[in-house]
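Asker: Compact mmCIF, C-alpha atoms, saved as input_13.txt, coming up:
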```
# COMPACT_ATOMS: atom_id res chain seq x y z
CA MET M 9 0.00 0.00 0.00
CA THR M 10 1.26 3.44 -0.81
CA LEU M 11 0.84 6.50 1.36
CA LEU M 12 -2.01 7.81 -0.82
CA ASN M 13 -3.90 4.52 -0.41
CA ASN M 14 -3.39 4.78 3.33
CA LEU M 15 -4.66 8.35 3.38
CA GLN M 16 -7.76 7.28 1.46
CA TRP M 17 -8.28 4.42 3.93
CA ARG M 18 -8.08 6.62 7.02
CA TYR M 19 -10.87 8.85 8.29
CA ALA M 20 -11.60 10.65 11.54
CA THR M 21 -12.94 7.60 13.34
CA LYS M 22 -16.02 8.44 15.39
CA LYS M 23 -16.54 5.07 17.05
CA MET M 24 -13.82 2.63 18.04
CA ASN M 25 -14.24 -0.96 19.21
CA GLY M 26 -12.04 -0.99 22.29
CA GLN M 27 -9.39 -3.27 20.80
CA ILE M 28 -5.89 -2.52 22.06
CA VAL M 29 -3.14 -1.27 19.73
CA PRO M 30 0.00 -3.41 20.28
CA GLN M 31 2.97 -1.63 21.87
CA GLY M 32 5.04 -2.09 18.70
CA LYS M 33 2.56 -0.16 16.59
CA LEU M 34 2.18 2.53 19.25
CA ASP M 35 5.97 2.91 19.34
CA TYR M 36 6.03 3.12 15.54
CA ILE M 37 3.51 5.98 15.52
CA LEU M 38 5.37 7.83 18.27
CA GLU M 39 8.66 7.39 16.43
CA ALA M 40 7.20 9.03 13.31
CA ALA M 41 6.04 11.92 15.52
CA ARG M 42 9.52 12.17 17.00
CA LEU M 43 11.25 12.20 13.59
CA ALA M 44 9.23 15.20 12.37
CA PRO M 45 11.12 18.21 11.11
CA SER M 46 10.63 21.48 12.98
CA SER M 47 11.74 25.07 12.72
CA SER M 48 15.51 25.22 13.40
CA GLY M 49 15.22 21.61 14.55
CA LEU M 50 14.03 22.72 17.99
CA GLN M 51 11.21 20.14 18.32
CA PRO M 52 9.28 22.33 20.74
CA TYR M 53 6.69 19.66 21.53
CA ARG M 54 6.17 16.53 23.61
CA VAL M 55 3.61 13.74 23.41
CA PHE M 56 1.69 12.27 26.35
CA VAL M 57 0.20 8.79 25.96
CA ILE M 58 -2.63 7.65 28.20
CA SER M 59 -3.68 4.03 27.86
CA ASN M 60 -7.31 3.10 28.29
CA GLY M 61 -7.94 2.63 32.00
CA GLN M 62 -8.67 4.51 35.17
CA THR M 63 -6.59 7.58 34.36
CA LEU M 64 -8.29 7.96 31.00
CA GLU M 65 -11.67 7.68 32.74
CA GLN M 66 -10.69 10.48 35.09
CA LEU M 67 -9.28 12.56 32.27
CA LYS M 68 -12.46 12.13 30.25
CA GLU M 69 -14.59 13.23 33.18
CA PHE M 70 -12.41 16.25 33.94
CA VAL M 71 -11.44 17.48 30.46
CA PHE M 72 -14.49 16.66 28.36
CA LYS M 73 -17.26 17.62 30.73
CA GLU M 74 -18.33 20.50 28.49
CA PHE M 75 -18.04 18.34 25.36
CA PRO M 76 -20.71 15.69 25.79
CA PHE M 77 -21.14 15.00 22.05
CA ASN M 78 -18.96 13.08 19.67
CA GLN M 79 -16.37 12.15 22.27
CA GLU M 80 -17.13 8.43 22.16
CA GLN M 81 -13.64 7.74 20.87
CA ILE M 82 -12.15 8.72 24.22
CA LYS M 83 -14.03 5.84 25.78
CA ASP M 84 -13.46 3.24 23.07
CA CYS M 85 -9.93 4.09 21.98
CA SER M 86 -6.86 2.05 22.82
CA HIS M 87 -4.70 5.03 23.79
CA LEU M 88 -5.14 8.75 23.85
CA LEU M 89 -2.17 10.70 22.46
CA VAL M 90 -1.87 14.33 23.53
CA TRP M 91 0.43 16.70 21.65
CA THR M 92 1.74 19.46 23.88
CA ALA M 93 4.03 22.33 22.93
CA TRP M 94 6.43 24.60 24.74
CA ASP M 95 4.70 27.69 26.13
CA GLY M 96 7.50 29.76 24.59
CA TYR M 97 11.18 29.80 23.72
CA THR M 98 13.73 30.21 26.51
CA ALA M 99 17.51 30.39 26.42
CA GLU M 100 17.66 27.12 28.33
CA ARG M 101 15.32 25.20 26.01
CA VAL M 102 16.80 26.49 22.77
CA GLY M 103 20.37 26.22 24.05
CA ASN M 104 19.82 22.65 25.21
CA VAL M 105 18.64 21.44 21.78
CA LEU M 106 21.30 23.29 19.83
CA LEU M 107 24.08 22.10 22.14
CA LYS M 108 22.97 18.46 21.98
CA THR M 109 22.73 18.66 18.19
CA SER M 110 26.25 20.13 18.00
CA ILE M 111 27.66 17.41 20.25
CA GLU M 112 25.98 14.63 18.24
CA ARG M 113 27.37 16.15 15.06
CA SER M 114 30.84 16.71 16.54
CA LEU M 115 30.60 20.42 15.75
CA PRO M 116 32.28 23.12 17.84
CA GLU M 117 30.01 24.15 20.72
CA ASN M 118 30.51 27.88 20.20
CA GLN M 119 28.89 27.57 16.76
CA SER M 120 25.57 26.77 18.39
CA GLU M 121 26.03 29.76 20.72
CA VAL M 122 25.97 32.23 17.82
CA TYR M 123 22.91 30.60 16.29
CA LYS M 124 21.19 30.47 19.66
CA LYS M 125 21.63 34.20 20.19
CA ARG M 126 20.26 34.97 16.73
CA LEU M 127 17.17 32.82 17.30
CA LEU M 128 16.46 34.14 20.79
CA ASP M 129 16.80 37.77 19.67
CA LYS M 130 14.28 37.12 16.89
CA TYR M 131 11.86 35.23 19.14
CA GLU M 132 12.01 37.91 21.82
CA THR M 133 11.01 40.60 19.31
CA LEU M 134 8.05 38.52 18.17
CA GLY M 135 6.66 38.12 21.69
CA LYS M 136 5.32 35.39 23.92
CA GLU M 137 2.04 34.80 22.11
CA TRP M 138 3.76 34.46 18.75
CA GLN M 139 6.17 31.98 20.31
CA GLU M 140 3.37 29.89 21.74
CA ASN M 141 1.63 29.74 18.37
CA HIS M 142 4.90 28.99 16.63
CA CYS M 143 5.60 26.02 18.91
CA ALA M 144 2.03 24.77 18.41
CA LYS M 145 2.43 25.01 14.63
CA GLN M 146 5.51 22.80 14.76
CA ALA M 147 3.53 20.31 16.84
CA HIS M 148 1.00 20.09 13.99
CA ILE M 149 3.70 18.83 11.60
CA SER M 150 4.56 16.06 14.07
CA PHE M 151 0.85 15.35 14.45
CA GLY M 152 0.55 14.99 10.65
CA LEU M 153 3.41 12.50 10.53
CA ALA M 154 1.80 10.43 13.27
CA ILE M 155 -1.45 10.34 11.28
CA THR M 156 0.35 8.90 8.24
CA ALA M 157 2.27 6.41 10.39
CA ALA M 158 -0.92 5.15 12.04
CA ALA M 159 -2.66 4.82 8.66
CA GLU M 160 0.28 2.78 7.37
CA GLN M 161 -0.04 0.48 10.39
CA LYS M 162 -3.80 0.24 9.84
CA VAL M 163 -4.42 1.86 13.18
CA ASP M 164 -7.35 4.25 13.27
CA THR M 165 -7.04 7.77 14.60
CA THR M 166 -9.26 10.73 15.32
CA PRO M 167 -7.40 14.02 15.02
CA MET M 168 -9.21 16.21 17.56
CA GLU M 169 -9.31 19.70 18.97
CA GLY M 170 -12.60 19.55 20.84
CA PHE M 171 -11.47 19.56 24.47
CA ASP M 172 -10.90 22.02 27.24
CA ASN M 173 -7.25 23.00 26.84
CA ALA M 174 -6.95 24.63 30.26
CA LYS M 175 -8.35 21.56 31.98
CA MET M 176 -6.10 19.24 29.97
CA ASP M 177 -3.11 21.35 31.03
CA GLU M 178 -4.24 21.11 34.64
CA PHE M 179 -4.87 17.36 34.48
CA LEU M 180 -1.46 16.60 32.97
CA LYS M 181 0.26 19.24 35.17
CA LEU M 182 1.67 20.83 32.04
CA GLU M 183 2.26 24.32 33.40
CA GLU M 184 5.08 23.22 35.67
CA LEU M 185 6.68 21.55 32.65
CA GLY M 186 6.37 24.72 30.54
CA LEU M 187 3.99 22.95 28.15
CA LYS M 188 0.51 23.58 26.78
CA SER M 189 -1.85 21.06 25.22
CA VAL M 190 -2.35 21.51 21.48
CA VAL M 191 -4.18 18.64 19.75
CA ILE M 192 -5.18 15.12 20.72
CA MET M 193 -5.47 11.81 18.92
CA PRO M 194 -7.33 8.78 20.19
CA ILE M 195 -5.91 5.71 18.44
CA GLY M 196 -7.56 2.31 18.11
CA TYR M 197 -9.72 0.37 15.70
CA ARG M 198 -12.91 1.42 13.95
CA ASP M 199 -16.19 -0.11 15.05
CA GLU M 200 -17.35 -0.84 11.51
CA ALA M 201 -20.93 -1.65 12.41
CA ASN M 202 -21.51 1.43 14.55
CA ASP M 203 -19.48 4.29 13.10
CA TRP M 204 -21.85 6.65 11.27
CA LEU M 205 -18.99 8.39 9.47
CA LEU M 206 -17.47 5.27 7.90
CA SER M 207 -19.96 5.04 5.04
CA LEU M 208 -19.91 8.75 4.24
CA LYS M 209 -17.78 10.00 1.39
CA LYS M 210 -14.52 11.80 2.07
CA TRP M 211 -14.71 15.28 0.59
CA ARG M 212 -11.75 17.48 -0.19
CA THR M 213 -11.38 20.74 -2.08
CA PRO M 214 -10.93 19.77 -5.77
CA LYS M 215 -7.36 19.79 -6.98
CA GLU M 216 -7.93 22.63 -9.47
CA GLU M 217 -9.05 24.83 -6.59
CA PHE M 218 -6.55 23.52 -4.06
CA VAL M 219 -3.43 23.91 -6.20
CA THR M 220 -2.27 26.88 -8.26
CA GLU M 221 0.57 25.96 -10.60
CA ILE M 222 2.71 28.82 -11.88
CA ALA M 223 5.08 28.18 -14.79
CA MET C 2 10.42 0.85 2.52
CA THR C 3 8.31 1.77 5.49
CA LEU C 4 7.42 5.28 6.54
CA LEU C 5 10.01 5.25 9.33
CA ASN C 6 12.74 4.30 6.85
CA ASN C 7 11.60 7.14 4.62
CA LEU C 8 11.67 9.59 7.52
CA GLN C 9 15.21 8.49 8.37
CA TRP C 10 16.21 8.93 4.71
CA ARG C 11 14.87 12.45 4.45
CA TYR C 12 16.61 15.56 5.76
CA ALA C 13 16.22 19.29 5.22
CA THR C 14 18.16 19.35 1.96
CA LYS C 15 20.47 22.36 1.79
CA LYS C 16 21.76 21.89 -1.76
CA MET C 17 19.82 20.42 -4.65
CA ASN C 18 21.17 19.43 -8.07
CA GLY C 19 18.63 21.08 -10.36
CA GLN C 20 17.09 17.81 -11.56
CA ILE C 21 13.37 18.11 -12.32
CA VAL C 22 10.75 16.17 -10.32
CA PRO C 23 8.40 14.39 -12.78
CA GLN C 24 4.81 15.72 -12.87
CA GLY C 25 3.49 12.38 -11.54
CA LYS C 26 5.55 12.63 -8.38
CA LEU C 27 4.66 16.29 -7.93
CA ASP C 28 0.97 15.41 -8.26
CA TYR C 29 1.43 12.60 -5.74
CA ILE C 30 2.91 14.97 -3.16
CA LEU C 31 0.16 17.54 -3.74
CA GLU C 32 -2.51 14.86 -3.43
CA ALA C 33 -1.17 13.87 0.00
CA ALA C 34 -1.32 17.54 1.00
CA ARG C 35 -4.90 17.74 -0.25
CA LEU C 36 -6.00 14.61 1.63
CA ALA C 37 -4.86 15.99 4.99
CA PRO C 38 -7.39 16.14 7.80
CA SER C 39 -8.22 19.57 9.19
CA SER C 40 -10.35 21.06 11.93
CA SER C 41 -14.03 20.49 11.04
CA GLY C 42 -12.81 19.41 7.60
CA LEU C 43 -12.56 23.03 6.49
CA GLN C 44 -9.18 22.70 4.72
CA PRO C 45 -8.41 26.40 5.20
CA TYR C 46 -5.26 26.29 3.05
CA ARG C 47 -4.12 26.30 -0.56
CA VAL C 48 -0.81 25.35 -2.19
CA PHE C 49 1.00 27.37 -4.86
CA VAL C 50 3.54 25.59 -7.05
CA ILE C 51 6.20 27.54 -8.88
CA SER C 52 8.35 25.55 -11.28
CA ASN C 53 11.99 26.48 -11.71
CA GLY C 54 12.14 29.24 -14.30
CA GLN C 55 11.77 32.97 -14.75
CA THR C 56 8.96 33.43 -12.21
CA LEU C 57 10.96 31.61 -9.55
CA GLU C 58 13.95 33.83 -10.35
CA GLN C 59 11.80 36.91 -9.84
CA LEU C 60 10.27 35.49 -6.68
CA LYS C 61 13.70 34.70 -5.28
CA GLU C 62 14.90 38.24 -5.95
CA PHE C 63 11.79 39.82 -4.43
CA VAL C 64 11.03 37.56 -1.48
CA PHE C 65 14.47 36.44 -0.33
CA LYS C 66 16.41 39.67 -0.66
CA GLU C 67 16.88 39.90 3.10
CA PHE C 68 17.75 36.21 3.38
CA PRO C 69 21.02 35.87 1.51
CA PHE C 70 22.20 32.77 3.38
CA ASN C 71 21.13 29.16 3.09
CA GLN C 72 18.58 29.83 0.35
CA GLU C 73 20.48 27.88 -2.30
CA GLN C 74 17.61 25.42 -2.53
CA ILE C 75 15.38 28.06 -4.11
CA LYS C 76 17.84 28.21 -7.01
CA ASP C 77 18.51 24.49 -7.38
CA CYS C 78 15.10 23.04 -6.60
CA SER C 79 12.74 21.59 -9.17
CA HIS C 80 9.63 23.33 -7.82
CA LEU C 81 8.88 25.61 -4.93
CA LEU C 82 5.70 24.73 -3.03
CA VAL C 83 4.11 27.50 -0.98
CA TRP C 84 1.49 26.67 1.65
CA THR C 85 -0.92 29.53 2.17
CA ALA C 86 -3.83 29.70 4.62
CA TRP C 87 -7.07 31.64 4.85
CA ASP C 88 -6.62 34.96 6.59
CA GLY C 89 -9.65 34.09 8.72
CA TYR C 90 -12.98 32.28 8.74
CA THR C 91 -15.92 33.86 6.93
CA ALA C 92 -19.52 32.71 6.54
CA GLU C 93 -18.92 32.27 2.82
CA ARG C 94 -15.78 30.16 3.15
CA VAL C 95 -17.06 27.94 5.95
CA GLY C 96 -20.51 27.65 4.39
CA ASN C 97 -19.07 26.69 1.03
CA VAL C 98 -17.05 23.76 2.42
CA LEU C 99 -19.84 22.48 4.67
CA LEU C 100 -22.40 22.70 1.89
CA LYS C 101 -20.21 20.89 -0.63
CA THR C 102 -19.48 18.17 1.93
CA SER C 103 -23.20 17.76 2.64
CA ILE C 104 -24.01 17.50 -1.05
CA GLU C 105 -21.27 14.93 -1.67
CA ARG C 106 -22.56 12.93 1.27
CA SER C 107 -26.21 13.28 0.26
CA LEU C 108 -27.02 14.85 3.62
CA PRO C 109 -29.76 17.45 4.13
CA GLU C 110 -28.40 20.94 3.45
CA ASN C 111 -29.96 22.47 6.55
CA GLN C 112 -27.81 20.17 8.69
CA SER C 113 -24.71 22.01 7.56
CA GLU C 114 -26.43 25.34 8.33
CA VAL C 115 -26.70 24.55 12.05
CA TYR C 116 -23.09 23.41 12.24
CA LYS C 117 -21.95 26.45 10.27
CA LYS C 118 -23.61 28.82 12.73
CA ARG C 119 -22.02 27.05 15.69
CA LEU C 120 -18.56 27.22 14.15
CA LEU C 121 -18.84 30.86 13.09
CA ASP C 122 -20.11 31.94 16.51
CA LYS C 123 -17.13 30.24 18.13
CA TYR C 124 -14.61 31.65 15.66
CA GLU C 125 -15.99 35.15 16.02
CA THR C 126 -15.52 35.06 19.79
CA LEU C 127 -11.93 33.93 19.35
CA GLY C 128 -11.03 36.83 17.05
CA LYS C 129 -9.25 37.41 13.78
CA GLU C 130 -5.71 36.73 14.96
CA TRP C 131 -6.72 33.45 16.55
CA GLN C 132 -8.44 32.47 13.29
CA GLU C 133 -5.38 33.26 11.23
CA ASN C 134 -3.19 31.15 13.51
CA HIS C 135 -5.75 28.37 13.51
CA CYS C 136 -5.82 28.23 9.71
CA ALA C 137 -2.01 28.25 9.61
CA LYS C 138 -1.88 25.38 12.11
CA GLN C 139 -4.11 23.27 9.87
CA ALA C 140 -1.79 24.07 6.96
CA HIS C 141 1.08 22.55 8.97
CA ILE C 142 -0.69 19.18 9.09
CA SER C 143 -1.00 19.23 5.30
CA PHE C 144 2.65 20.29 5.09
CA GLY C 145 3.60 17.27 7.24
CA LEU C 146 1.72 14.88 4.97
CA ALA C 147 3.47 16.31 1.91
CA ILE C 148 6.84 15.75 3.59
CA THR C 149 6.07 12.06 4.12
CA ALA C 150 4.71 11.69 0.58
CA ALA C 151 7.84 13.23 -0.93
CA ALA C 152 10.09 11.00 1.19
CA GLU C 153 8.17 7.95 0.01
CA GLN C 154 8.71 9.06 -3.61
CA LYS C 155 12.41 9.69 -2.88
CA VAL C 156 11.98 13.33 -3.62
CA ASP C 157 13.98 15.68 -1.41
CA THR C 158 12.38 18.58 0.40
CA THR C 159 13.42 21.49 2.55
CA PRO C 160 10.70 22.55 4.98
CA MET C 161 11.33 26.29 5.34
CA GLU C 162 10.12 29.37 7.11
CA GLY C 163 12.98 31.73 6.31
CA PHE C 164 11.34 34.14 3.88
CA ASP C 165 9.60 37.48 3.94
CA ASN C 166 5.93 36.60 4.38
CA ALA C 167 4.63 40.04 3.45
CA LYS C 168 6.65 40.05 0.24
CA MET C 169 5.56 36.51 -0.62
CA ASP C 170 1.94 37.58 -0.12
CA GLU C 171 2.51 40.54 -2.39
CA PHE C 172 4.30 38.52 -5.07
CA LEU C 173 1.57 35.87 -5.23
CA LYS C 174 -1.20 38.51 -4.86
CA LEU C 175 -2.54 36.57 -1.89
CA GLU C 176 -4.38 39.41 -0.16
CA GLU C 177 -7.05 39.62 -2.84
CA LEU C 178 -7.55 35.86 -2.47
CA GLY C 179 -7.91 36.15 1.32
CA LEU C 180 -4.78 34.06 1.83
CA LYS C 181 -1.51 34.45 3.69
CA SER C 182 1.72 32.57 3.12
CA VAL C 183 2.64 30.12 5.87
CA VAL C 184 5.51 27.76 5.04
CA ILE C 185 7.41 26.82 1.91
CA MET C 186 8.98 23.67 0.55
CA PRO C 187 11.47 23.52 -2.29
CA ILE C 188 11.38 20.00 -3.74
CA GLY C 189 14.03 18.35 -5.90
CA TYR C 190 17.03 16.09 -5.54
CA ARG C 191 19.95 16.33 -3.15
CA ASP C 192 23.35 17.32 -4.50
CA GLU C 193 25.20 14.58 -2.67
CA ALA C 194 28.68 15.92 -3.31
CA ASN C 195 27.94 19.47 -2.21
CA ASP C 196 25.37 19.36 0.57
CA TRP C 197 27.13 20.04 3.87
CA LEU C 198 24.20 18.74 5.90
CA LEU C 199 23.96 15.31 4.28
CA SER C 200 26.81 13.77 6.27
CA LEU C 201 25.74 15.24 9.61
CA LYS C 202 23.78 13.10 12.03
CA LYS C 203 20.05 13.62 12.47
CA TRP C 204 19.37 14.51 16.09
CA ARG C 205 16.03 14.23 17.81
CA THR C 206 14.95 14.51 21.44
CA PRO C 207 15.39 11.01 22.93
CA LYS C 208 12.21 8.98 23.16
CA GLU C 209 12.23 8.85 26.97
CA GLU C 210 12.19 12.64 27.03
CA PHE C 211 9.84 13.06 24.07
CA VAL C 212 7.12 10.67 25.22
CA THR C 213 5.42 10.41 28.60
CA GLU C 214 3.40 7.22 28.94
CA ILE C 215 0.68 7.18 31.61
CA ALA C 216 -0.91 3.87 32.59
```
Rewrite the coordinates I just gave you, this time as structure tokens.
Answerer:
Amino acid sequence: MTLLNNLQWRYATKKMNGQIVPQGKLDYILEAARLAPSSSGLQPYRVFVISNGQTLEQLKEFVFKEFPFNQEQIKDCSHLLVWTAWDGYTAERVGNVLLKTSIERSLPENQSEVYKKRLLDKYETLGKEWQENHCAKQAHISFGLAITAAAEQKVDTTPMEGFDNAKMDEFLKLEELGLKSVVIMPIGYRDEANDWLLSLKKWRTPKEEFVTEIA
Amino acid sequence: MTLLNNLQWRYATKKMNGQIVPQGKLDYILEAARLAPSSSGLQPYRVFVISNGQTLEQLKEFVFKEFPFNQEQIKDCSHLLVWTAWDGYTAERVGNVLLKTSIERSLPENQSEVYKKRLLDKYETLGKEWQENHCAKQAHISFGLAITAAAEQKVDTTPMEGFDNAKMDEFLKLEELGLKSVVIMPIGYRDEANDWLLSLKKWRTPKEEFVTEIA
């Protein structure tokens, strides 16, 4: 199967059947997320994985209270993956990534110092809110890679935004880690008999409208 | 080759060799971008494709004037792909997508009306800047899917942000289309002998730091 076949196969699963995704496939999906490219290679995001059990029950009760509809996947999924992103760029965070990259590449450490200063000066000018959005945007690339990896492994996913971000942050104690929740993805297996979306056609903007080719 | 192998193969190519990517592979990459999931299925993004020629020369001169370093790929790529996103949500844009989806799915049209109102009310409360960022975030998922599609097709890419967004918008006349440039991706083939990055190790945050598993 090619990637395009996999992308045609996948859909935002509305009802899962409770079957557990094997650890190997979960690891595969997380590895794709980890290998994502990001601006300046900073990878300003982390993924939390909650397996279906008591914690997920509590999370569902706490985070989705205001979202009573269409959240069935949280109950019937195998694992809930939560993408979180840095709440901003700091000298410590940026410096840490650049230094580790330099060491792994056997490059002189002072080289990363110059680059670090340039990045931090730019980020400071752009402000805290810009930084937060920028980190969240990078997380979406990683999220996209995880979607393709899951589809390749024939694991269903539901890319989701419909949750209370502040409550998710509180539940996962993200503030003390300098993180904010961004998007979530229940993974599992479609309940073919009971998912109303499965039989409905996938619609996308037609190619001629989606793409503008300039010679 | 599996997706993970492809993601290990790929890197942010710094020097390309000028070889042209066949139309079939270009179409494949764009189709992956088009099939991306997005919030409420709105697909608030469009892709512009500029093939290597006079227009790209002009674009390079106009948009990258302030970015003299590390922009070699713009010269040596086969095509430059530009992800743009809606500058905000409007009743017309949202209504258009929801209506077309309803028609394709043979659902009653008034169903999409209720959903449209709910979305627009929410978006209005969140404000124009939030909307712009939200659209751009969705574009990053599509961008991620295109990266994996290109890697599968053994086409090199350079995910990039380093350009003058305002000038890109002006060059592509995006304002009158209600679009804003988000991220760009030269595609082509690596110049193995002359790309300084090719031999350097890929570094990512270690898994134990990247992932937090909660039972």
Asker: Taking into account all atoms listed in the file, which residue in the set C:Ala216, C:Ile185, C:Met17, C:Val95 is nearest to Ile148 (chain C)?
Answerer: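 Comparing C:Ala216, C:Ile185, C:Met17, C:Val95 against Ile148 (chain C), the winner is C:Ile185.
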Asker: What are the residues of chain M that have an atom within 6 Å of an atom of chain C, counting all atoms listed in the file, as a VMD selection string?
Answerer: chain M and resid 54 to 59 109 113 145 148 to 149 152 to 153 208 to 209 211 218 to 223
Asker: Could you please determine the separation between CA of Phe164 (chain C) and CA of Glu67 (chain C) in Å, to one decimal place?
Answerer: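 Taking CA of Phe164 (chain C) and CA of Glu67 (chain C), their separation equals 8.0 Å.
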Asker: Do you have the CA of Ala194 (chain C)-CA of Gln74 (chain C) distance handy?
Answerer: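 If I compute the distance from CA of Ala194 (chain C) to CA of Gln74 (chain C), I get 14.6 Å.
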Asker: Compute the distance from (2.3, 34.3, 2.7) to each atom, counting all atoms listed in the file, keep the residues with any atom at most 9 Å away, and return them as a list in words; use the coordinates of the file.
Answerer: Val83, Trp84, Thr85, Ala86, Asp165, Asn166, Ala167, Lys168, Met169, Asp170, Glu171, Leu173, Leu175, Glu176, Leu180, Lys181, Ser182, Val183 and Val184 of chain C
Asker: May I have the residues within 9 Å of Asn195 (chain C) as a list in words, using only C-alpha atoms and disregarding those fewer than 6 positions away in the same chain?
Answerer: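 Those residues are Lys15, Lys16, Met17 and Asn18 of chain C.
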Asker: Rank C:Thr91, C:Gln20, C:Gln132, C:Gln59 by their smallest atom-to-atom distance to Tyr190 (chain C), using all atoms listed in the file, and report the top residue only.
Answerer: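 Nearest to Tyr190 (chain C): C:Gln20.
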Asker: Grab the CA of Met9 (chain M) to CA of Lys26 (chain C) distance for me, in Å with one decimal place.
Answerer: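 Spanning CA of Met9 (chain M) to CA of Lys26 (chain C) is a straight-line distance of 16.1 Å.
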Asker: Let me make sure I understand: among M:Lys68, M:Lys124, M:Lys162, M:Lys130, which one has the smallest atom-to-atom distance to Glu80 (chain M) if we use only C-alpha atoms?
Answerer: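 Smallest distance to Glu80 (chain M) is found for M:Lys68.
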Asker: Which residue gives the smallest distance to Leu127 (chain M) among M:Gln31, M:Glu184, M:Glu216, M:Ala99, with only C-alpha atoms counted?
Answerer: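 Ranking M:Gln31, M:Glu184, M:Glu216, M:Ala99 by distance to Leu127 (chain M), first place goes to M:Ala99.
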Asker: Can I get region 43-56 of chain C with N, CA, C and O atoms filled in, as a short mmCIF file (atom, residue, chain, number, x, y, z; two decimals), in the frame of the given file?
Answerer:
```cif
data_model
loop_
_atom_site.label_atom_id
_atom_site.label_comp_id
_atom_site.auth_asym_id
_atom_site.auth_seq_id
_atom_site.Cartn_x
_atom_site.Cartn_y
_atom_site.Cartn_z
N LEU C 43 -12.43 21.79 7.26
CA LEU C 43 -12.56 23.03 6.49
C LEU C 43 -11.43 23.26 5.47
O LEU C 43 -11.58 24.07 4.56
N GLN C 44 -10.31 22.57 5.67
CA GLN C 44 -9.18 22.70 4.72
C GLN C 44 -8.88 24.17 4.40
O GLN C 44 -8.89 24.55 3.22
N PRO C 45 -8.58 24.95 5.42
CA PRO C 45 -8.41 26.40 5.20
C PRO C 45 -7.03 26.76 4.63
O PRO C 45 -6.38 27.68 5.13
N TYR C 46 -6.59 26.04 3.61
CA TYR C 46 -5.26 26.29 3.05
C TYR C 46 -5.25 25.93 1.57
O TYR C 46 -6.09 25.16 1.09
N ARG C 47 -4.31 26.53 0.86
CA ARG C 47 -4.12 26.30 -0.56
C ARG C 47 -2.62 26.21 -0.83
O ARG C 47 -1.84 26.84 -0.10
N VAL C 48 -2.24 25.48 -1.87
CA VAL C 48 -0.81 25.35 -2.19
C VAL C 48 -0.51 25.97 -3.56
O VAL C 48 -1.23 25.71 -4.52
N PHE C 49 0.52 26.79 -3.60
CA PHE C 49 1.00 27.37 -4.86
C PHE C 49 2.28 26.64 -5.25
O PHE C 49 3.12 26.36 -4.40
N VAL C 50 2.39 26.33 -6.54
CA VAL C 50 3.54 25.59 -7.05
C VAL C 50 4.22 26.41 -8.12
O VAL C 50 3.60 26.73 -9.14
N ILE C 51 5.46 26.75 -7.89
CA ILE C 51 6.20 27.54 -8.88
C ILE C 51 7.34 26.68 -9.42
O ILE C 51 8.22 26.27 -8.67
N SER C 52 7.29 26.38 -10.71
CA SER C 52 8.35 25.55 -11.28
C SER C 52 9.59 26.41 -11.52
O SER C 52 9.51 27.64 -11.63
N ASN C 53 10.73 25.75 -11.60
CA ASN C 53 11.99 26.48 -11.71
C ASN C 53 12.07 27.17 -13.08
O ASN C 53 12.10 26.51 -14.11
N GLY C 54 12.10 28.47 -13.07
CA GLY C 54 12.14 29.24 -14.30
C GLY C 54 12.15 30.72 -13.97
O GLY C 54 12.51 31.11 -12.85
N GLN C 55 11.68 31.52 -14.89
CA GLN C 55 11.77 32.97 -14.75
C GLN C 55 10.99 33.49 -13.53
O GLN C 55 11.47 34.36 -12.81
N THR C 56 9.78 32.95 -13.34
CA THR C 56 8.96 33.43 -12.21
C THR C 56 9.67 33.14 -10.88
O THR C 56 9.68 33.98 -9.98
#
```
